[in-house]
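Listing of start.txt, compact mmCIF, C-alpha atoms and all ligand atoms
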# COMPACT_ATOMS: atom_id res chain seq x y z
CA MET A 21 13.79 -9.21 7.22
CA LYS A 22 13.44 -11.86 4.52
CA HIS A 23 9.82 -11.37 3.51
CA GLU A 24 9.65 -7.57 3.94
CA LEU A 25 9.16 -6.87 0.24
CA LEU A 26 6.50 -9.58 -0.19
CA ILE A 27 4.56 -8.48 2.92
CA ARG A 28 4.63 -4.82 1.86
CA LEU A 29 3.66 -5.57 -1.75
CA GLY A 30 0.86 -7.94 -0.67
CA VAL A 31 -0.67 -5.39 1.74
CA PHE A 32 -0.28 -2.60 -0.82
CA ILE A 33 -2.10 -4.52 -3.59
CA ALA A 34 -4.85 -5.70 -1.20
CA VAL A 35 -5.53 -2.15 0.10
CA LEU A 36 -5.35 -0.70 -3.44
CA ILE A 37 -7.97 -3.19 -4.70
CA ALA A 38 -10.19 -2.75 -1.61
CA MET A 39 -10.19 1.06 -1.91
CA ALA A 40 -10.75 0.95 -5.71
CA LEU A 41 -13.79 -1.29 -5.12
CA TRP A 42 -15.10 1.01 -2.36
CA GLU A 43 -14.69 4.00 -4.76
CA ALA A 44 -16.65 2.14 -7.45
CA ILE A 45 -19.47 1.15 -5.07
CA ALA A 46 -19.77 4.35 -3.00
CA PRO A 47 -17.92 7.33 -4.55
CA ARG A 48 -17.75 10.66 -2.65
CA ARG A 49 -17.55 12.92 -5.74
CA ALA A 50 -18.23 12.56 -9.47
CA ARG A 51 -15.03 12.05 -11.48
CA SER A 52 -13.80 14.87 -13.74
CA PHE A 53 -11.75 12.40 -15.80
CA ALA A 54 -12.14 8.72 -16.66
CA ARG A 55 -9.82 6.38 -14.77
CA ALA A 56 -8.05 5.60 -18.07
CA ALA A 57 -6.92 9.25 -18.32
CA ARG A 58 -5.10 9.23 -14.96
CA TRP A 59 -4.47 5.76 -13.61
CA PRO A 60 -1.75 4.60 -16.09
CA ALA A 61 0.45 7.61 -15.22
CA ASN A 62 -0.29 7.55 -11.46
CA LEU A 63 0.40 3.82 -11.18
CA GLY A 64 3.31 4.12 -13.64
CA ILE A 65 5.09 6.76 -11.54
CA SER A 66 4.53 4.62 -8.45
CA ILE A 67 6.29 1.67 -10.16
CA LEU A 68 9.10 4.01 -11.25
CA ASP A 69 9.43 5.29 -7.64
CA SER A 70 9.67 1.73 -6.32
CA LEU A 71 12.40 0.88 -8.85
CA VAL A 72 14.41 4.00 -7.91
CA VAL A 73 14.22 3.09 -4.19
CA ARG A 74 15.21 -0.55 -4.91
CA ILE A 75 18.24 0.59 -6.92
CA LEU A 76 19.41 3.15 -4.33
CA LEU A 77 18.56 1.09 -1.24
CA PRO A 78 18.39 -2.57 -2.33
CA LEU A 79 18.08 -3.98 1.20
CA GLY A 80 15.35 -1.55 2.31
CA ALA A 81 14.77 0.66 5.35
CA VAL A 82 13.99 -2.32 7.60
CA SER A 83 17.43 -3.88 6.97
CA PHE A 84 18.99 -0.48 7.62
CA ALA A 85 17.17 -0.37 10.98
CA ASN A 86 18.59 -3.82 11.80
CA TYR A 87 22.10 -2.58 10.94
CA CYS A 88 21.65 0.51 13.18
CA THR A 89 20.39 -1.45 16.20
CA ALA A 90 23.14 -4.13 15.74
CA HIS A 91 25.71 -1.31 15.98
CA GLN A 92 23.85 0.33 18.90
CA TRP A 93 23.21 3.55 17.02
CA GLY A 94 20.64 6.08 18.17
CA LEU A 95 18.74 7.27 21.19
CA LEU A 96 16.78 4.07 21.81
CA SER A 97 20.03 2.08 22.05
CA ALA A 98 21.08 4.25 24.99
CA ILE A 99 17.96 3.59 27.09
CA THR A 100 16.24 0.39 28.14
CA LEU A 101 12.61 0.18 27.12
CA PRO A 102 10.25 -2.76 26.63
CA LYS A 103 10.34 -3.79 22.94
CA PHE A 104 6.73 -2.79 22.23
CA VAL A 105 7.33 0.70 23.67
CA SER A 106 10.36 1.17 21.37
CA VAL A 107 8.24 0.06 18.42
CA ILE A 108 5.51 2.61 19.27
CA VAL A 109 8.05 5.40 19.90
CA ALA A 110 9.71 4.66 16.53
CA PHE A 111 6.35 4.62 14.75
CA ILE A 112 5.21 7.96 16.23
CA THR A 113 8.60 9.64 15.64
CA LEU A 114 8.73 8.52 11.99
CA ASP A 115 5.18 9.80 11.50
CA LEU A 116 6.13 13.21 12.96
CA ALA A 117 9.22 13.31 10.68
CA ILE A 118 7.06 12.66 7.59
CA TYR A 119 4.58 15.36 8.69
CA LEU A 120 7.44 17.90 9.13
CA GLN A 121 8.92 16.85 5.80
CA HIS A 122 5.55 17.50 4.12
CA VAL A 123 5.37 21.00 5.70
CA MET A 124 8.93 21.65 4.46
CA PHE A 125 7.96 20.61 0.90
CA HIS A 126 5.23 23.26 1.03
CA ALA A 127 7.40 25.92 2.70
CA LEU A 128 10.51 26.04 0.50
CA PRO A 129 9.83 27.17 -3.09
CA ALA A 130 12.40 24.75 -4.61
CA LEU A 131 10.93 21.77 -2.74
CA TRP A 132 7.38 22.87 -3.58
CA ARG A 133 8.28 22.55 -7.29
CA ILE A 134 9.07 18.88 -6.67
CA HIS A 135 6.09 18.17 -4.39
CA ARG A 136 3.52 20.11 -6.45
CA MET A 137 3.34 17.19 -8.91
CA HIS A 138 1.40 15.40 -6.14
CA HIS A 139 -1.03 18.36 -6.23
CA THR A 140 -1.43 18.64 -10.02
CA ASP A 141 -3.69 15.58 -10.15
CA LEU A 142 -7.06 16.92 -11.32
CA ASP A 143 -9.10 14.26 -9.52
CA PHE A 144 -8.58 12.86 -6.04
CA ASP A 145 -8.69 9.09 -5.72
CA VAL A 146 -6.75 6.08 -4.46
CA THR A 147 -4.07 6.45 -7.19
CA THR A 148 -3.35 10.05 -6.09
CA GLY A 149 -1.95 8.40 -2.94
CA VAL A 150 0.99 6.95 -4.90
CA ARG A 151 1.54 9.93 -7.22
CA PHE A 152 4.86 11.40 -6.06
CA HIS A 153 7.84 12.65 -8.07
CA PRO A 154 10.88 10.27 -7.83
CA ILE A 155 13.03 13.12 -6.46
CA GLU A 156 10.57 13.57 -3.57
CA ILE A 157 10.72 9.82 -2.91
CA VAL A 158 14.56 9.92 -2.75
CA ILE A 159 14.57 12.95 -0.38
CA SER A 160 11.90 11.28 1.74
CA MET A 161 13.94 8.07 1.90
CA ALA A 162 17.05 10.01 3.06
CA ILE A 163 15.06 11.78 5.81
CA LYS A 164 13.60 8.44 6.91
CA LEU A 165 17.07 6.81 7.10
CA VAL A 166 18.50 9.71 9.13
CA THR A 167 15.53 9.50 11.52
CA ILE A 168 15.96 5.70 11.86
CA ALA A 169 19.69 6.09 12.61
CA ALA A 170 19.24 8.99 15.07
CA LEU A 171 16.53 7.11 16.92
CA GLY A 172 17.95 3.59 16.68
CA ALA A 173 14.48 2.57 15.55
CA PRO A 174 13.74 -1.17 15.90
CA ALA A 175 13.13 -2.98 12.59
CA ALA A 176 9.60 -3.98 13.67
CA GLY A 177 8.68 -0.30 14.21
CA VAL A 178 10.04 0.64 10.77
CA LEU A 179 8.18 -2.23 9.05
CA LEU A 180 4.94 -1.30 10.87
CA PHE A 181 5.40 2.32 9.85
CA GLU A 182 6.12 1.53 6.19
CA ILE A 183 3.10 -0.77 5.87
CA LEU A 184 0.71 1.58 7.69
CA LEU A 185 1.95 4.72 5.88
CA ASN A 186 1.41 3.06 2.48
CA SER A 187 -2.03 1.81 3.51
CA THR A 188 -3.25 5.07 5.10
CA SER A 189 -1.97 7.08 2.12
CA LEU A 190 -4.12 4.91 -0.19
CA PHE A 191 -7.07 5.19 2.22
CA ASN A 192 -6.95 8.96 2.80
CA HIS A 193 -6.67 9.79 -0.91
CA SER A 194 -9.63 7.60 -1.82
CA ASN A 195 -12.77 9.01 -3.39
CA VAL A 196 -14.99 7.14 -0.93
CA ALA A 197 -18.18 8.19 0.83
CA MET A 198 -18.05 7.74 4.61
CA ALA A 199 -20.80 8.66 7.07
CA SER A 200 -19.86 11.96 8.74
CA THR A 201 -20.07 10.36 12.20
CA ALA A 202 -17.67 7.59 11.10
CA ASP A 203 -15.37 10.25 9.61
CA SER A 204 -15.26 12.24 12.84
CA VAL A 205 -14.49 9.15 14.94
CA VAL A 206 -11.74 7.80 12.61
CA ARG A 207 -10.32 11.33 12.25
CA LEU A 208 -9.56 11.46 15.99
CA LEU A 209 -6.68 9.05 15.25
CA ILE A 210 -6.12 8.71 11.49
CA VAL A 211 -6.32 11.13 8.56
CA THR A 212 -9.57 10.46 6.65
CA PRO A 213 -10.27 11.11 2.93
CA ASP A 214 -12.40 14.19 3.80
CA MET A 215 -9.56 15.55 5.95
CA HIS A 216 -6.84 15.05 3.32
CA ARG A 217 -9.04 16.23 0.42
CA VAL A 218 -8.87 19.73 1.97
CA HIS A 219 -5.10 19.58 1.34
CA HIS A 220 -5.76 18.98 -2.39
CA SER A 221 -7.98 22.09 -2.72
CA ILE A 222 -7.01 24.73 -5.31
CA VAL A 223 -7.41 27.41 -2.55
CA VAL A 224 -3.91 28.29 -1.25
CA ARG A 225 -4.81 28.47 2.46
CA GLU A 226 -6.52 25.07 2.19
CA THR A 227 -3.58 23.50 0.31
CA ASN A 228 -1.36 24.71 3.15
CA SER A 229 -3.27 22.78 5.80
CA ASN A 230 -3.79 19.13 6.84
CA PHE A 231 -0.23 17.93 6.13
CA GLY A 232 -0.60 14.63 8.03
CA PHE A 233 -0.55 11.37 6.07
CA ASN A 234 -1.17 8.92 8.85
CA LEU A 235 -1.86 10.13 12.43
CA SER A 236 -4.21 13.14 12.44
CA TRP A 237 -2.71 14.58 15.65
CA TRP A 238 0.15 16.66 14.23
CA ASP A 239 -2.10 19.08 12.33
CA ARG A 240 -4.25 19.60 15.42
CA LEU A 241 -1.27 19.97 17.81
CA LEU A 242 0.81 22.22 15.56
CA GLY A 243 -1.94 24.49 14.22
CA THR A 244 -2.26 23.37 10.59
CA TYR A 245 -5.63 21.64 10.94
CA ARG A 246 -8.60 22.68 8.76
CA ASP A 247 -11.86 20.87 9.31
CA GLN A 248 -13.60 21.25 5.91
CA PRO A 249 -13.08 23.03 2.55
CA ALA A 250 -14.93 26.39 2.31
CA ALA A 251 -16.71 25.37 -0.92
CA GLY A 252 -17.78 21.97 0.47
CA HIS A 253 -16.44 18.58 -0.65
CA LEU A 254 -18.69 18.27 -3.70
CA ALA A 255 -18.12 21.78 -5.11
CA MET A 256 -14.43 22.28 -4.25
CA THR A 257 -11.86 22.28 -7.07
CA ILE A 258 -9.06 19.69 -6.88
CA GLY A 259 -5.53 20.59 -7.98
CA ILE A 260 -3.60 23.86 -8.17
CA GLU A 261 -3.96 26.91 -10.43
CA ASP A 262 -1.25 25.66 -12.83
CA PHE A 263 -1.06 22.52 -15.00
CA ARG A 264 -4.82 22.23 -15.48
CA ASP A 265 -4.70 20.84 -19.01
CA ALA A 266 -5.56 17.14 -19.39
CA CYS A 267 -2.25 16.52 -21.20
CA GLU A 268 -0.47 17.27 -17.87
CA LEU A 269 -1.86 13.98 -16.53
CA LYS A 270 0.60 12.03 -18.69
CA LEU A 271 3.67 10.45 -17.11
CA LEU A 272 6.35 12.31 -19.08
CA ARG A 273 4.70 15.69 -18.47
CA MET A 274 4.44 14.89 -14.74
CA LEU A 275 8.15 14.06 -14.56
CA ILE A 276 9.24 17.44 -15.99
CA GLN A 277 6.73 19.59 -14.05
CA PRO A 278 9.30 20.61 -11.37
CA TRP A 279 11.25 22.53 -14.02
CA ARG A 280 8.30 24.14 -15.76
CA GLY A 281 6.34 27.35 -15.15
CA ALA A 282 6.51 29.81 -12.26
CA THR A 283 6.70 28.75 -8.61
CA GLY A 284 3.35 30.48 -8.03
CA GLU A 285 1.54 31.54 -4.88
CA TYR A 286 1.53 28.21 -3.07
CA PRO A 287 4.83 28.05 -1.10
CA ILE A 288 4.19 29.14 2.49
CA ASN A 289 6.67 32.04 2.26
CA GLY A 290 5.57 32.90 -1.31
ZN ZN A 301 1.17 18.43 -0.07
ZN ZN A 302 -2.10 14.05 -0.92
As structure tokens, please, write out the structure in this file.
Ligand SMILES: [Zn+2]
Ligand SMILES: [Zn+2]
Amino acid sequence: MKHELLIRLGVFIAVLIAMALWEAIAPRRARSFARAARWPANLGISILDSLVVRILLPLGAVSFANYCTAHQWGLLSAITLPKFVSVIVAFITLDLAIYLQHVMFHALPALWRIHRMHHTDLDFDVTTGVRFHPIEIVISMAIKLVTIAALGAPAAGVLLFEILLNSTSLFNHSNVAMASTADSVVRLLIVTPDMHRVHHSIVVRETNSNFGFNLSWWDRLLGTYRDQPAAGHLAMTIGIEDFRDACELKLLRMLIQPWRGATGEYPING
């Protein structure tokens, strides 16, 4: 798909700006740190992640999906379905795969060390949504490619998934105030900021809940859903017990966090 990169980048920048404006106009919580203390590193690691993916997979996941369907790989190649049904099946399956991957990153101590960098942000805002360690991004990409090949996912379904996952991740990490009625309606389908903020709580049982990034169904169906943080959204503490010094918000410190300190109490089997 010729314009995949441009479409994805355009939507990403538009949603990033829209959410940043919403945060400025109607914030949910007071900031603990100025934007200047966190945003350069959070946006910097996002650029680094994009470069790593471009180097390892220059043609992108959508081109890989085209290759798979051209060679009749995967389950969807073996059955005849209307195109739009295949697109929806691919979208929902990829979303479930990303949910399960997120649970796995919290379950296995070695993977938690990589993923915990997402949780060491000491505020929760739109830039937290792009704050992932490059190793997590590479593992995530591999899982996505295996899922695409096994399913024979159509390119349109993969493109839709990539665009929506990026957009909903920015949305559900945003520090935005939403009316509680609007939150409960949106939350029936999509993970809202109040729902995902519970996952960024310092309390272990709250960190190990609400793993969804996009559709809110998986947490409800599979028993990992938690409605609200015990301390309330305004009083709850964001982050984990470790790496609470402001110097840990710098890019180089974030990159070496997987190899520092004890694994701690957070992994599910810990
Ligand atoms: Zn997590
Ligand atoms: Zn998150």
For the interface of stretch 183-266 of chain A with stretch 29-36 of chain A (cut-off 9 Å, counting all atoms listed in the file), please tabulate each contacting residue of stretch 183-266 of chain A alongside its nearest pair of atoms and their separation in Å to one decimal, rows sorted by chain and increasing number, as a tab-separated table.
residue	atom	partner	partner_atom	distance
A:Ile183	CA	A:Val31	CA	7.3
A:Asn186	CA	A:Phe32	CA	6.8
A:Ser187	CA	A:Val35	CA	6.3
A:Leu190	CA	A:Leu36	CA	6.6
A:Phe191	CA	A:Val35	CA	7.8
Could you take the residues named above and write them with C-alpha atoms, as a tab-separated table (two decimals), in the frame of the given file?
chain	number	residue	atom	x	y	z
A	183	ILE	CA	3.10	-0.77	5.87
A	186	ASN	CA	1.41	3.06	2.48
A	187	SER	CA	-2.03	1.81	3.51
A	190	LEU	CA	-4.12	4.91	-0.19
A	191	PHE	CA	-7.07	5.19	2.22
Quiz item: Given the choices A:Gln248, A:Asn289, A:Ser221, A:Thr283, which gets closest to ligand ZN 302 (chain A) if the distance is worked out from only C-alpha atoms and all ligand atoms?
Solution: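 Checking each of A:Gln248, A:Asn289, A:Ser221, A:Thr283 against ligand ZN 302 (chain A), counting only C-alpha atoms and all ligand atoms, the winner is A:Ser221.
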For chain A against ligand ZN 301 (chain A), with a cut-off of 10 Å and counting only C-alpha atoms and all ligand atoms, what is the closest atom pair and its distance in Å to one decimal for every residue that makes the cut, ordered by chain and number, as a Markdown table?
| residue | atom | partner | partner_atom | distance |
| --- | --- | --- | --- | --- |
| A:Tyr119 | CA | A:ZN301 | ZN | 9.9 |
| A:Gln121 | CA | A:ZN301 | ZN | 9.8 |
| A:His122 | CA | A:ZN301 | ZN | 6.1 |
| A:Val123 | CA | A:ZN301 | ZN | 7.6 |
| A:Met124 | CA | A:ZN301 | ZN | 9.5 |
| A:Phe125 | CA | A:ZN301 | ZN | 7.2 |
| A:His126 | CA | A:ZN301 | ZN | 6.4 |
| A:Trp132 | CA | A:ZN301 | ZN | 8.4 |
| A:His135 | CA | A:ZN301 | ZN | 6.6 |
| A:Arg136 | CA | A:ZN301 | ZN | 7.0 |
| A:Met137 | CA | A:ZN301 | ZN | 9.2 |
| A:His138 | CA | A:ZN301 | ZN | 6.8 |
| A:His139 | CA | A:ZN301 | ZN | 6.5 |
| A:Phe152 | CA | A:ZN301 | ZN | 9.9 |
| A:His216 | CA | A:ZN301 | ZN | 9.3 |
| A:His219 | CA | A:ZN301 | ZN | 6.5 |
| A:His220 | CA | A:ZN301 | ZN | 7.3 |
| A:Thr227 | CA | A:ZN301 | ZN | 7.0 |
| A:Asn228 | CA | A:ZN301 | ZN | 7.5 |
| A:Ser229 | CA | A:ZN301 | ZN | 8.5 |
| A:Asn230 | CA | A:ZN301 | ZN | 8.5 |
| A:Phe231 | CA | A:ZN301 | ZN | 6.4 |
| A:Gly232 | CA | A:ZN301 | ZN | 9.1 |
| A:Phe233 | CA | A:ZN301 | ZN | 9.5 |
Would you save the residues from that selection as a PDB file, keeping the file's coordinate frame, using C-alpha atoms?
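To be explicit, this is the file written out as again.pdb:
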ATOM      1  CA  TYR A 119       4.580  15.360   8.690  1.00  0.00           C
ATOM      2  CA  GLN A 121       8.920  16.850   5.800  1.00  0.00           C
ATOM      3  CA  HIS A 122       5.550  17.500   4.120  1.00  0.00           C
ATOM      4  CA  VAL A 123       5.370  21.000   5.700  1.00  0.00           C
ATOM      5  CA  MET A 124       8.930  21.650   4.460  1.00  0.00           C
ATOM      6  CA  PHE A 125       7.960  20.610   0.900  1.00  0.00           C
ATOM      7  CA  HIS A 126       5.230  23.260   1.030  1.00  0.00           C
ATOM      8  CA  TRP A 132       7.380  22.870  -3.580  1.00  0.00           C
ATOM      9  CA  HIS A 135       6.090  18.170  -4.390  1.00  0.00           C
ATOM     10  CA  ARG A 136       3.520  20.110  -6.450  1.00  0.00           C
ATOM     11  CA  MET A 137       3.340  17.190  -8.910  1.00  0.00           C
ATOM     12  CA  HIS A 138       1.400  15.400  -6.140  1.00  0.00           C
ATOM     13  CA  HIS A 139      -1.030  18.360  -6.230  1.00  0.00           C
ATOM     14  CA  PHE A 152       4.860  11.400  -6.060  1.00  0.00           C
ATOM     15  CA  HIS A 216      -6.840  15.050   3.320  1.00  0.00           C
ATOM     16  CA  HIS A 219      -5.100  19.580   1.340  1.00  0.00           C
ATOM     17  CA  HIS A 220      -5.760  18.980  -2.390  1.00  0.00           C
ATOM     18  CA  THR A 227      -3.580  23.500   0.310  1.00  0.00           C
ATOM     19  CA  ASN A 228      -1.360  24.710   3.150  1.00  0.00           C
ATOM     20  CA  SER A 229      -3.270  22.780   5.800  1.00  0.00           C
ATOM     21  CA  ASN A 230      -3.790  19.130   6.840  1.00  0.00           C
ATOM     22  CA  PHE A 231      -0.230  17.930   6.130  1.00  0.00           C
ATOM     23  CA  GLY A 232      -0.600  14.630   8.030  1.00  0.00           C
ATOM     24  CA  PHE A 233      -0.550  11.370   6.070  1.00  0.00           C
TER      25      PHE A 233
END
Self-check item: Nearest residue to ligand ZN 302 (chain A) from the set A:Ser194, A:Ser70, A:Thr167, A:Thr201 (distances using only C-alpha atoms and all ligand atoms)
Solution: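 Closest to ligand ZN 302 (chain A), using only C-alpha atoms and all ligand atoms: A:Ser194.
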Self-check item: Nearest to ligand ZN 302 (chain A) by atom-to-atom distance, counting only C-alpha atoms and all ligand atoms, from A:Thr113, A:Thr212, A:Ser189, A:Thr89
Solution: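 Closest to ligand ZN 302 (chain A), using only C-alpha atoms and all ligand atoms: A:Ser189.
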Practice problem: Work out how far apart atom CA of A:Phe181 and atom CA of A:Phe111 are and give it in Å to one decimal. | Solution: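 Between atom CA of A:Phe181 and atom CA of A:Phe111 the gap is 5.5 Å.
Counting all atoms listed in the file and comparing A:Ile168, A:Leu142, A:Val205, A:Val105, the residue that lies closest to ligand ZN 302 (chain A) is A:Leu142.
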Exercise. Dump as JSON, numbers by chain all residues having an atom at most 12 Å from (-16.8, 7.3, 0.2), computed in the file's coordinates with only C-alpha atoms.
Key: {"A": [39, 40, 41, 42, 43, 44, 45, 46, 47, 48, 49, 50, 144, 145, 146, 191, 192, 193, 194, 195, 196, 197, 198, 199, 200, 202, 203, 212, 213, 214, 217, 253, 254]}
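Comparing the minimum interatomic distances between A:Ala130 and each of A:Ile210, A:Ala57, A:Ala162, A:Ile288, counting all atoms listed in the file, we find that A:Ile288 sits nearest.
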Report as an mmCIF file with C-alpha atoms, in the coordinates of the input all protein, DNA and RNA residues lying within 9 Å of A:Gly172, evaluated on only C-alpha atoms, omitting residues in the same chain fewer than 6 positions from it.
data_model
loop_
_atom_site.group_PDB
_atom_site.id
_atom_site.type_symbol
_atom_site.label_atom_id
_atom_site.label_comp_id
_atom_site.auth_asym_id
_atom_site.auth_seq_id
_atom_site.Cartn_x
_atom_site.Cartn_y
_atom_site.Cartn_z
ATOM 1 C CA ALA A 85 17.170 -0.370 10.980
ATOM 2 C CA ASN A 86 18.590 -3.820 11.800
ATOM 3 C CA CYS A 88 21.650 0.510 13.180
ATOM 4 C CA THR A 89 20.390 -1.450 16.200
ATOM 5 C CA GLN A 92 23.850 0.330 18.900
ATOM 6 C CA TRP A 93 23.210 3.550 17.020
ATOM 7 C CA GLY A 94 20.640 6.080 18.170
ATOM 8 C CA LEU A 95 18.740 7.270 21.190
ATOM 9 C CA LEU A 96 16.780 4.070 21.810
ATOM 10 C CA SER A 97 20.030 2.080 22.050
ATOM 11 C CA ALA A 98 21.080 4.250 24.990
ATOM 12 C CA ALA A 110 9.710 4.660 16.530
#
Practice problem: Quick one: everything within 12 Å of A:Leu179, counting all atoms listed in the file, minus sequence neighbours fewer than 6 positions away in the same chain. Send it as a list in words. | Solution: Met21, Lys22, His23, Glu24, Leu25, Leu26, Ile27, Arg28, Val31, Gly80, Ala81, Val82, Ser83, Phe84, Ala85, Asn86, Val107, Ile108, Ala110, Phe111, Leu114, Ile168, Ala173, Leu185 and Asn186 of chain A
Include C-alpha atoms and write out the residues we just selected as a PDB file, keeping the file's coordinate frame.
ATOM      1  CA  MET A  21      13.790  -9.210   7.220  1.00  0.00           C
ATOM      2  CA  LYS A  22      13.440 -11.860   4.520  1.00  0.00           C
ATOM      3  CA  HIS A  23       9.820 -11.370   3.510  1.00  0.00           C
ATOM      4  CA  GLU A  24       9.650  -7.570   3.940  1.00  0.00           C
ATOM      5  CA  LEU A  25       9.160  -6.870   0.240  1.00  0.00           C
ATOM      6  CA  LEU A  26       6.500  -9.580  -0.190  1.00  0.00           C
ATOM      7  CA  ILE A  27       4.560  -8.480   2.920  1.00  0.00           C
ATOM      8  CA  ARG A  28       4.630  -4.820   1.860  1.00  0.00           C
ATOM      9  CA  VAL A  31      -0.670  -5.390   1.740  1.00  0.00           C
ATOM     10  CA  GLY A  80      15.350  -1.550   2.310  1.00  0.00           C
ATOM     11  CA  ALA A  81      14.770   0.660   5.350  1.00  0.00           C
ATOM     12  CA  VAL A  82      13.990  -2.320   7.600  1.00  0.00           C
ATOM     13  CA  SER A  83      17.430  -3.880   6.970  1.00  0.00           C
ATOM     14  CA  PHE A  84      18.990  -0.480   7.620  1.00  0.00           C
ATOM     15  CA  ALA A  85      17.170  -0.370  10.980  1.00  0.00           C
ATOM     16  CA  ASN A  86      18.590  -3.820  11.800  1.00  0.00           C
ATOM     17  CA  VAL A 107       8.240   0.060  18.420  1.00  0.00           C
ATOM     18  CA  ILE A 108       5.510   2.610  19.270  1.00  0.00           C
ATOM     19  CA  ALA A 110       9.710   4.660  16.530  1.00  0.00           C
ATOM     20  CA  PHE A 111       6.350   4.620  14.750  1.00  0.00           C
ATOM     21  CA  LEU A 114       8.730   8.520  11.990  1.00  0.00           C
ATOM     22  CA  ILE A 168      15.960   5.700  11.860  1.00  0.00           C
ATOM     23  CA  ALA A 173      14.480   2.570  15.550  1.00  0.00           C
ATOM     24  CA  LEU A 185       1.950   4.720   5.880  1.00  0.00           C
ATOM     25  CA  ASN A 186       1.410   3.060   2.480  1.00  0.00           C
TER      26      ASN A 186
END
Exercise. Rounded to one decimal place, report the atom CA of A:Tyr286-atom CA of A:Val224 distance in Å.
Key: 5.7 Å
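Proximity ranking of A:Asp262, A:Glu182, A:Asp143, A:Asp115 relative to ligand ZN 302 (chain A) places A:Asp143 first, based on only C-alpha atoms and all ligand atoms.
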Quiz item: What gap, in Å, lies between atom CA of A:Pro60 and atom CA of A:Asp141?
Solution: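 Interatomic distance, atom CA of A:Pro60 to atom CA of A:Asp141: 12.6 Å.
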Exercise. Skip A:Leu271 itself and residues of its chain fewer than 4 positions away, then list as a VMD selection string all residues within 10 Å of it, counting all atoms listed in the file.
Key: chain A and resid 58 60 to 65 267 275 to 276
